[in-house]
$ cat run12.cif   # mmCIF, N, CA and C atoms
data_input
#
loop_
_atom_site.label_atom_id
_atom_site.label_comp_id
_atom_site.auth_asym_id
_atom_site.auth_seq_id
_atom_site.Cartn_x
_atom_site.Cartn_y
_atom_site.Cartn_z
N MET A 1259 34.68 -9.47 -30.11
CA MET A 1259 35.33 -10.75 -30.37
C MET A 1259 34.30 -11.86 -30.22
N SER A 1260 34.06 -12.60 -31.28
CA SER A 1260 33.12 -13.72 -31.19
C SER A 1260 33.85 -14.96 -30.70
N VAL A 1261 33.14 -15.80 -30.01
CA VAL A 1261 33.72 -17.00 -29.44
C VAL A 1261 33.24 -18.20 -30.27
N ASP A 1262 34.19 -18.96 -30.79
CA ASP A 1262 33.88 -20.17 -31.55
C ASP A 1262 33.89 -21.34 -30.57
N LEU A 1263 32.70 -21.76 -30.15
CA LEU A 1263 32.59 -22.83 -29.15
C LEU A 1263 33.20 -24.13 -29.64
N THR A 1264 33.16 -24.37 -30.92
CA THR A 1264 33.75 -25.60 -31.47
C THR A 1264 35.25 -25.61 -31.23
N LYS A 1265 35.90 -24.48 -31.45
CA LYS A 1265 37.35 -24.39 -31.21
C LYS A 1265 37.68 -24.52 -29.73
N ILE A 1266 36.87 -23.93 -28.89
CA ILE A 1266 37.09 -24.02 -27.45
C ILE A 1266 36.96 -25.47 -26.99
N GLU A 1267 35.91 -26.14 -27.45
CA GLU A 1267 35.71 -27.54 -27.08
C GLU A 1267 36.84 -28.42 -27.60
N ALA A 1268 37.29 -28.16 -28.82
CA ALA A 1268 38.40 -28.94 -29.39
C ALA A 1268 39.68 -28.71 -28.59
N ALA A 1269 39.94 -27.48 -28.20
CA ALA A 1269 41.12 -27.17 -27.39
C ALA A 1269 41.04 -27.87 -26.04
N GLU A 1270 39.85 -27.89 -25.46
CA GLU A 1270 39.66 -28.56 -24.17
C GLU A 1270 39.95 -30.06 -24.29
N VAL A 1271 39.44 -30.68 -25.33
CA VAL A 1271 39.66 -32.11 -25.55
C VAL A 1271 41.15 -32.39 -25.76
N GLU A 1272 41.82 -31.55 -26.57
CA GLU A 1272 43.25 -31.73 -26.81
C GLU A 1272 44.05 -31.58 -25.52
N LEU A 1273 43.69 -30.60 -24.70
CA LEU A 1273 44.39 -30.41 -23.43
C LEU A 1273 44.17 -31.61 -22.51
N GLU A 1274 42.94 -32.10 -22.44
CA GLU A 1274 42.66 -33.27 -21.61
C GLU A 1274 43.46 -34.48 -22.08
N GLU A 1275 43.51 -34.69 -23.39
CA GLU A 1275 44.27 -35.82 -23.94
C GLU A 1275 45.75 -35.69 -23.62
N TRP A 1276 46.29 -34.46 -23.73
CA TRP A 1276 47.69 -34.23 -23.42
C TRP A 1276 47.97 -34.51 -21.95
N LEU A 1277 47.08 -34.04 -21.07
CA LEU A 1277 47.26 -34.27 -19.64
C LEU A 1277 47.24 -35.75 -19.31
N VAL A 1278 46.30 -36.48 -19.89
CA VAL A 1278 46.22 -37.93 -19.66
C VAL A 1278 47.49 -38.61 -20.16
N GLU A 1279 47.96 -38.23 -21.34
CA GLU A 1279 49.17 -38.81 -21.90
C GLU A 1279 50.37 -38.57 -20.98
N GLN A 1280 50.49 -37.36 -20.47
CA GLN A 1280 51.60 -37.04 -19.57
C GLN A 1280 51.52 -37.87 -18.29
N ALA A 1281 50.33 -37.97 -17.73
CA ALA A 1281 50.15 -38.76 -16.50
C ALA A 1281 50.45 -40.24 -16.75
N GLU A 1282 50.00 -40.75 -17.90
CA GLU A 1282 50.27 -42.15 -18.23
C GLU A 1282 51.75 -42.39 -18.45
N ASN A 1283 52.49 -41.36 -18.86
CA ASN A 1283 53.94 -41.48 -19.06
C ASN A 1283 54.73 -41.22 -17.79
N GLY A 1284 54.03 -41.07 -16.67
CA GLY A 1284 54.71 -40.98 -15.38
C GLY A 1284 54.93 -39.58 -14.83
N VAL A 1285 54.43 -38.56 -15.52
CA VAL A 1285 54.58 -37.21 -14.99
C VAL A 1285 53.60 -37.06 -13.81
N PRO A 1286 54.10 -36.73 -12.64
CA PRO A 1286 53.21 -36.59 -11.47
C PRO A 1286 52.17 -35.48 -11.68
N GLU A 1287 50.99 -35.72 -11.17
CA GLU A 1287 49.91 -34.75 -11.30
C GLU A 1287 50.28 -33.40 -10.69
N MET A 1288 51.04 -33.40 -9.61
CA MET A 1288 51.44 -32.13 -8.99
C MET A 1288 52.35 -31.33 -9.92
N VAL A 1289 53.17 -32.01 -10.70
CA VAL A 1289 54.01 -31.33 -11.68
C VAL A 1289 53.14 -30.71 -12.76
N LEU A 1290 52.14 -31.46 -13.24
CA LEU A 1290 51.22 -30.93 -14.25
C LEU A 1290 50.46 -29.72 -13.73
N ILE A 1291 50.03 -29.79 -12.48
CA ILE A 1291 49.33 -28.65 -11.87
C ILE A 1291 50.25 -27.43 -11.83
N GLY A 1292 51.48 -27.63 -11.42
CA GLY A 1292 52.44 -26.53 -11.37
C GLY A 1292 52.68 -25.91 -12.74
N LEU A 1293 52.83 -26.76 -13.76
CA LEU A 1293 53.03 -26.25 -15.12
C LEU A 1293 51.83 -25.44 -15.58
N LEU A 1294 50.64 -25.98 -15.36
CA LEU A 1294 49.43 -25.27 -15.77
C LEU A 1294 49.31 -23.91 -15.07
N ARG A 1295 49.61 -23.90 -13.77
CA ARG A 1295 49.54 -22.63 -13.03
C ARG A 1295 50.56 -21.62 -13.54
N ASP A 1296 51.79 -22.10 -13.78
CA ASP A 1296 52.83 -21.19 -14.28
C ASP A 1296 52.45 -20.60 -15.62
N TYR A 1297 51.97 -21.44 -16.53
CA TYR A 1297 51.59 -20.94 -17.84
C TYR A 1297 50.37 -20.03 -17.75
N ALA A 1298 49.42 -20.38 -16.90
CA ALA A 1298 48.24 -19.52 -16.73
C ALA A 1298 48.65 -18.15 -16.20
N ASN A 1299 49.58 -18.12 -15.25
CA ASN A 1299 50.07 -16.85 -14.72
C ASN A 1299 50.78 -16.03 -15.79
N ASP A 1300 51.61 -16.71 -16.59
CA ASP A 1300 52.32 -16.02 -17.67
C ASP A 1300 51.34 -15.42 -18.67
N ILE A 1301 50.34 -16.20 -19.06
CA ILE A 1301 49.35 -15.73 -20.03
C ILE A 1301 48.57 -14.56 -19.45
N GLU A 1302 48.21 -14.66 -18.18
CA GLU A 1302 47.47 -13.58 -17.53
C GLU A 1302 48.30 -12.30 -17.49
N GLN A 1303 49.59 -12.42 -17.18
CA GLN A 1303 50.45 -11.24 -17.10
C GLN A 1303 50.72 -10.64 -18.48
N LEU A 1304 50.98 -11.51 -19.46
CA LEU A 1304 51.27 -11.03 -20.81
C LEU A 1304 50.01 -10.55 -21.54
N GLY A 1305 48.91 -11.20 -21.26
CA GLY A 1305 47.67 -10.91 -21.95
C GLY A 1305 47.51 -11.70 -23.24
N TYR A 1306 48.44 -12.61 -23.49
CA TYR A 1306 48.38 -13.45 -24.69
C TYR A 1306 49.30 -14.66 -24.50
N VAL A 1307 49.18 -15.63 -25.41
CA VAL A 1307 50.06 -16.79 -25.41
C VAL A 1307 51.26 -16.46 -26.29
N SER A 1308 52.44 -16.49 -25.72
CA SER A 1308 53.65 -16.19 -26.48
C SER A 1308 53.84 -17.25 -27.56
N ARG A 1309 53.92 -16.83 -28.80
CA ARG A 1309 54.11 -17.76 -29.91
C ARG A 1309 55.52 -18.34 -29.90
N MET A 1310 56.41 -17.77 -29.12
CA MET A 1310 57.78 -18.27 -29.04
C MET A 1310 57.87 -19.53 -28.17
N TRP A 1311 56.85 -19.80 -27.34
CA TRP A 1311 56.88 -20.99 -26.50
C TRP A 1311 56.97 -22.26 -27.31
N GLY A 1312 56.42 -22.27 -28.50
CA GLY A 1312 56.39 -23.47 -29.31
C GLY A 1312 57.62 -23.68 -30.18
N HIS A 1313 58.64 -22.82 -30.03
CA HIS A 1313 59.82 -22.90 -30.87
C HIS A 1313 61.04 -23.31 -30.06
N ASN A 1314 61.75 -24.31 -30.58
CA ASN A 1314 63.01 -24.74 -29.97
C ASN A 1314 64.14 -24.30 -30.85
N ASP A 1315 65.18 -23.75 -30.26
CA ASP A 1315 66.34 -23.30 -31.02
C ASP A 1315 67.48 -24.28 -30.91
N HIS A 1316 67.23 -25.53 -31.31
CA HIS A 1316 68.26 -26.58 -31.21
C HIS A 1316 68.96 -26.72 -32.52
#
$ encode --input "run12.cif" --output "C-alpha coordinates"
Amino acid sequence: MSVDLTKIEAAEVELEEWLVEQAENGVPEMVLIGLLRDYANDIEQLGYVSRMWGHNDH
(Lines of atoms letter the chains of each structure in order from A and count residues from 1; the text may use other names and numbers.)
(Lines give C-alpha, C1' and ligand atoms only; values in the text may rest on other atoms or scores of the structure.)
Protein backbone atom coordinates (compact mmCIF):
# COMPACT_ATOMS: atom_id res chain seq x y z
CA MET A 1 0.00 0.00 0.00
CA SER A 2 1.56 3.28 -1.07
CA VAL A 3 0.99 6.37 1.02
CA ASP A 4 -0.07 9.57 -0.74
CA LEU A 5 1.41 12.27 1.50
CA THR A 6 -0.61 14.96 -0.27
CA LYS A 7 -3.86 13.25 0.72
CA ILE A 8 -2.66 12.74 4.28
CA GLU A 9 -1.69 16.40 4.60
CA ALA A 10 -5.01 17.51 3.09
CA ALA A 11 -6.93 15.29 5.52
CA GLU A 12 -4.93 16.72 8.42
CA VAL A 13 -5.70 20.29 7.35
CA GLU A 14 -9.41 19.47 6.94
CA LEU A 15 -9.53 17.85 10.37
CA GLU A 16 -7.79 20.83 11.96
CA GLU A 17 -10.22 23.23 10.27
CA TRP A 18 -13.19 21.16 11.44
CA LEU A 19 -11.88 21.08 15.01
CA VAL A 20 -11.34 24.85 15.04
CA GLU A 21 -14.83 25.41 13.62
CA GLN A 22 -16.38 23.21 16.30
CA ALA A 23 -14.46 24.97 19.07
CA GLU A 24 -15.42 28.39 17.69
CA ASN A 25 -19.07 27.25 17.68
CA GLY A 26 -18.86 26.47 21.39
CA VAL A 27 -18.17 22.74 21.45
CA PRO A 28 -15.93 22.16 24.49
CA GLU A 29 -12.48 20.79 23.75
CA MET A 30 -13.07 17.88 26.14
CA VAL A 31 -16.09 16.86 24.06
CA LEU A 32 -13.97 16.97 20.89
CA ILE A 33 -11.29 14.87 22.59
CA GLY A 34 -13.90 12.31 23.62
CA LEU A 35 -15.33 12.13 20.10
CA LEU A 36 -11.90 11.69 18.56
CA ARG A 37 -11.02 8.94 21.04
CA ASP A 38 -14.31 7.12 20.48
CA TYR A 39 -13.93 7.21 16.71
CA ALA A 40 -10.26 6.22 16.90
CA ASN A 41 -11.21 3.23 19.07
CA ASP A 42 -13.98 2.23 16.66
CA ILE A 43 -11.65 2.47 13.66
CA GLU A 44 -8.97 0.50 15.48
CA GLN A 45 -11.44 -2.26 16.40
CA LEU A 46 -13.09 -2.41 12.98
CA GLY A 47 -9.88 -1.97 11.03
CA TYR A 48 -11.54 0.57 8.74
CA VAL A 49 -13.75 3.66 8.70
CA SER A 50 -17.39 2.62 8.44
CA ARG A 51 -18.85 4.27 5.35
CA MET A 52 -22.24 4.22 7.08
CA TRP A 53 -21.10 6.91 9.54
CA GLY A 54 -21.62 9.56 6.90
CA HIS A 55 -25.22 8.59 6.13
CA ASN A 56 -28.31 9.92 7.89
CA ASP A 57 -31.59 8.07 7.52
CA HIS A 58 -33.90 11.06 8.05
$ select_by_dssp --input "run12.cif" --residues "chain A" --states "helix (DSSP H, G or I)" --output "PyMOL selection string"
chain A and resi 1263-1282+1287-1304+1309-1312
$ residues_around --input "run12.cif" --residues "region 1287-1292 of chain A" --least-positions-apart "5" --cutoff "10 Å" --atoms "only C-alpha atoms" --output "list in words"
Leu1277, Val1278, Gln1280, Ala1281, Tyr1297 and Ala1298 of chain A
$ atom_distance --input "run12.cif" --atom1 "CA of Leu1294 (chain A)" --atom2 "CA of Glu1270 (chain A)"
13.3 Å
$ atom_distance --input "run12.cif" --atom1 "CA of Asp1296 (chain A)" --atom2 "CA of Trp1276 (chain A)"
16.7 Å
$ atom_distance --input "run12.cif" --atom1 "CA of Ala1268 (chain A)" --atom2 "CA of Gly1312 (chain A)"
18.8 Å
$ decode --input "run12.cif" --residues "region 1270-1300 of chain A" --atoms "N, CA, C and O atoms" --output "PDB file, in the first residue's frame"
ATOM      1  N   GLU A1270      -5.336  16.087   7.156  1.00  0.00           N
ATOM      2  CA  GLU A1270      -4.925  16.715   8.417  1.00  0.00           C
ATOM      3  C   GLU A1270      -5.419  18.160   8.485  1.00  0.00           C
ATOM      4  O   GLU A1270      -5.967  18.598   9.497  1.00  0.00           O
ATOM      5  N   VAL A1271      -5.254  18.901   7.400  1.00  0.00           N
ATOM      6  CA  VAL A1271      -5.704  20.295   7.352  1.00  0.00           C
ATOM      7  C   VAL A1271      -7.219  20.364   7.517  1.00  0.00           C
ATOM      8  O   VAL A1271      -7.734  21.188   8.276  1.00  0.00           O
ATOM      9  N   GLU A1272      -7.956  19.480   6.823  1.00  0.00           N
ATOM     10  CA  GLU A1272      -9.411  19.470   6.936  1.00  0.00           C
ATOM     11  C   GLU A1272      -9.855  19.149   8.361  1.00  0.00           C
ATOM     12  O   GLU A1272     -10.805  19.756   8.876  1.00  0.00           O
ATOM     13  N   LEU A1273      -9.187  18.191   8.995  1.00  0.00           N
ATOM     14  CA  LEU A1273      -9.532  17.846  10.372  1.00  0.00           C
ATOM     15  C   LEU A1273      -9.254  19.021  11.302  1.00  0.00           C
ATOM     16  O   LEU A1273     -10.085  19.357  12.165  1.00  0.00           O
ATOM     17  N   GLU A1274      -8.114  19.670  11.129  1.00  0.00           N
ATOM     18  CA  GLU A1274      -7.787  20.832  11.962  1.00  0.00           C
ATOM     19  C   GLU A1274      -8.824  21.934  11.782  1.00  0.00           C
ATOM     20  O   GLU A1274      -9.271  22.540  12.763  1.00  0.00           O
ATOM     21  N   GLU A1275      -9.216  22.199  10.537  1.00  0.00           N
ATOM     22  CA  GLU A1275     -10.218  23.234  10.269  1.00  0.00           C
ATOM     23  C   GLU A1275     -11.551  22.881  10.914  1.00  0.00           C
ATOM     24  O   GLU A1275     -12.223  23.742  11.487  1.00  0.00           O
ATOM     25  N   TRP A1276     -11.938  21.595  10.839  1.00  0.00           N
ATOM     26  CA  TRP A1276     -13.189  21.159  11.441  1.00  0.00           C
ATOM     27  C   TRP A1276     -13.135  21.329  12.954  1.00  0.00           C
ATOM     28  O   TRP A1276     -14.106  21.810  13.566  1.00  0.00           O
ATOM     29  N   LEU A1277     -12.013  20.947  13.561  1.00  0.00           N
ATOM     30  CA  LEU A1277     -11.876  21.077  15.008  1.00  0.00           C
ATOM     31  C   LEU A1277     -11.957  22.538  15.443  1.00  0.00           C
ATOM     32  O   LEU A1277     -12.634  22.870  16.430  1.00  0.00           O
ATOM     33  N   VAL A1278     -11.287  23.416  14.719  1.00  0.00           N
ATOM     34  CA  VAL A1278     -11.337  24.850  15.043  1.00  0.00           C
ATOM     35  C   VAL A1278     -12.766  25.364  14.905  1.00  0.00           C
ATOM     36  O   VAL A1278     -13.264  26.091  15.775  1.00  0.00           O
ATOM     37  N   GLU A1279     -13.451  24.975  13.834  1.00  0.00           N
ATOM     38  CA  GLU A1279     -14.828  25.409  13.617  1.00  0.00           C
ATOM     39  C   GLU A1279     -15.725  24.956  14.763  1.00  0.00           C
ATOM     40  O   GLU A1279     -16.549  25.731  15.263  1.00  0.00           O
ATOM     41  N   GLN A1280     -15.570  23.719  15.196  1.00  0.00           N
ATOM     42  CA  GLN A1280     -16.384  23.213  16.299  1.00  0.00           C
ATOM     43  C   GLN A1280     -16.099  23.984  17.583  1.00  0.00           C
ATOM     44  O   GLN A1280     -17.029  24.362  18.314  1.00  0.00           O
ATOM     45  N   ALA A1281     -14.831  24.225  17.861  1.00  0.00           N
ATOM     46  CA  ALA A1281     -14.463  24.971  19.072  1.00  0.00           C
ATOM     47  C   ALA A1281     -14.999  26.400  19.019  1.00  0.00           C
ATOM     48  O   ALA A1281     -15.509  26.918  20.014  1.00  0.00           O
ATOM     49  N   GLU A1282     -14.905  27.023  17.840  1.00  0.00           N
ATOM     50  CA  GLU A1282     -15.421  28.388  17.689  1.00  0.00           C
ATOM     51  C   GLU A1282     -16.934  28.427  17.841  1.00  0.00           C
ATOM     52  O   GLU A1282     -17.492  29.449  18.243  1.00  0.00           O
ATOM     53  N   ASN A1283     -17.612  27.325  17.534  1.00  0.00           N
ATOM     54  CA  ASN A1283     -19.067  27.247  17.679  1.00  0.00           C
ATOM     55  C   ASN A1283     -19.492  26.820  19.080  1.00  0.00           C
ATOM     56  O   ASN A1283     -20.669  26.562  19.321  1.00  0.00           O
ATOM     57  N   GLY A1284     -18.532  26.722  19.990  1.00  0.00           N
ATOM     58  CA  GLY A1284     -18.861  26.471  21.391  1.00  0.00           C
ATOM     59  C   GLY A1284     -18.770  25.034  21.862  1.00  0.00           C
ATOM     60  O   GLY A1284     -19.145  24.740  22.999  1.00  0.00           O
ATOM     61  N   VAL A1285     -18.321  24.126  21.005  1.00  0.00           N
ATOM     62  CA  VAL A1285     -18.169  22.739  21.448  1.00  0.00           C
ATOM     63  C   VAL A1285     -16.929  22.675  22.349  1.00  0.00           C
ATOM     64  O   VAL A1285     -15.839  23.064  21.924  1.00  0.00           O
ATOM     65  N   PRO A1286     -17.087  22.224  23.579  1.00  0.00           N
ATOM     66  CA  PRO A1286     -15.933  22.161  24.492  1.00  0.00           C
ATOM     67  C   PRO A1286     -14.845  21.214  23.959  1.00  0.00           C
ATOM     68  O   PRO A1286     -15.136  20.172  23.363  1.00  0.00           O
ATOM     69  N   GLU A1287     -13.610  21.603  24.206  1.00  0.00           N
ATOM     70  CA  GLU A1287     -12.482  20.794  23.752  1.00  0.00           C
ATOM     71  C   GLU A1287     -12.527  19.383  24.319  1.00  0.00           C
ATOM     72  O   GLU A1287     -12.174  18.430  23.631  1.00  0.00           O
ATOM     73  N   MET A1288     -13.000  19.223  25.548  1.00  0.00           N
ATOM     74  CA  MET A1288     -13.072  17.883  26.137  1.00  0.00           C
ATOM     75  C   MET A1288     -14.072  17.008  25.384  1.00  0.00           C
ATOM     76  O   MET A1288     -13.880  15.795  25.267  1.00  0.00           O
ATOM     77  N   VAL A1289     -15.130  17.603  24.869  1.00  0.00           N
ATOM     78  CA  VAL A1289     -16.094  16.860  24.059  1.00  0.00           C
ATOM     79  C   VAL A1289     -15.432  16.418  22.763  1.00  0.00           C
ATOM     80  O   VAL A1289     -15.575  15.265  22.332  1.00  0.00           O
ATOM     81  N   LEU A1290     -14.678  17.316  22.129  1.00  0.00           N
ATOM     82  CA  LEU A1290     -13.971  16.972  20.892  1.00  0.00           C
ATOM     83  C   LEU A1290     -12.965  15.855  21.131  1.00  0.00           C
ATOM     84  O   LEU A1290     -12.863  14.926  20.321  1.00  0.00           O
ATOM     85  N   ILE A1291     -12.254  15.925  22.246  1.00  0.00           N
ATOM     86  CA  ILE A1291     -11.293  14.872  22.586  1.00  0.00           C
ATOM     87  C   ILE A1291     -12.014  13.533  22.743  1.00  0.00           C
ATOM     88  O   ILE A1291     -11.566  12.508  22.225  1.00  0.00           O
ATOM     89  N   GLY A1292     -13.134  13.540  23.437  1.00  0.00           N
ATOM     90  CA  GLY A1292     -13.903  12.314  23.620  1.00  0.00           C
ATOM     91  C   GLY A1292     -14.382  11.735  22.301  1.00  0.00           C
ATOM     92  O   GLY A1292     -14.311  10.523  22.083  1.00  0.00           O
ATOM     93  N   LEU A1293     -14.879  12.602  21.413  1.00  0.00           N
ATOM     94  CA  LEU A1293     -15.335  12.133  20.098  1.00  0.00           C
ATOM     95  C   LEU A1293     -14.185  11.523  19.310  1.00  0.00           C
ATOM     96  O   LEU A1293     -14.334  10.447  18.703  1.00  0.00           O
ATOM     97  N   LEU A1294     -13.056  12.208  19.293  1.00  0.00           N
ATOM     98  CA  LEU A1294     -11.896  11.693  18.560  1.00  0.00           C
ATOM     99  C   LEU A1294     -11.447  10.341  19.109  1.00  0.00           C
ATOM    100  O   LEU A1294     -11.145   9.422  18.345  1.00  0.00           O
ATOM    101  N   ARG A1295     -11.420  10.221  20.428  1.00  0.00           N
ATOM    102  CA  ARG A1295     -11.016   8.944  21.039  1.00  0.00           C
ATOM    103  C   ARG A1295     -11.993   7.829  20.694  1.00  0.00           C
ATOM    104  O   ARG A1295     -11.583   6.713  20.368  1.00  0.00           O
ATOM    105  N   ASP A1296     -13.298   8.132  20.787  1.00  0.00           N
ATOM    106  CA  ASP A1296     -14.307   7.117  20.477  1.00  0.00           C
ATOM    107  C   ASP A1296     -14.189   6.643  19.034  1.00  0.00           C
ATOM    108  O   ASP A1296     -14.219   5.442  18.758  1.00  0.00           O
ATOM    109  N   TYR A1297     -14.049   7.590  18.112  1.00  0.00           N
ATOM    110  CA  TYR A1297     -13.929   7.208  16.708  1.00  0.00           C
ATOM    111  C   TYR A1297     -12.621   6.479  16.443  1.00  0.00           C
ATOM    112  O   TYR A1297     -12.589   5.504  15.680  1.00  0.00           O
ATOM    113  N   ALA A1298     -11.545   6.915  17.076  1.00  0.00           N
ATOM    114  CA  ALA A1298     -10.262   6.219  16.904  1.00  0.00           C
ATOM    115  C   ALA A1298     -10.361   4.784  17.406  1.00  0.00           C
ATOM    116  O   ALA A1298      -9.879   3.855  16.751  1.00  0.00           O
ATOM    117  N   ASN A1299     -11.022   4.585  18.539  1.00  0.00           N
ATOM    118  CA  ASN A1299     -11.209   3.227  19.068  1.00  0.00           C
ATOM    119  C   ASN A1299     -12.047   2.375  18.125  1.00  0.00           C
ATOM    120  O   ASN A1299     -11.727   1.208  17.880  1.00  0.00           O
ATOM    121  N   ASP A1300     -13.122   2.966  17.603  1.00  0.00           N
ATOM    122  CA  ASP A1300     -13.980   2.231  16.661  1.00  0.00           C
ATOM    123  C   ASP A1300     -13.195   1.826  15.416  1.00  0.00           C
ATOM    124  O   ASP A1300     -13.288   0.687  14.957  1.00  0.00           O
TER     125      ASP A1300
END
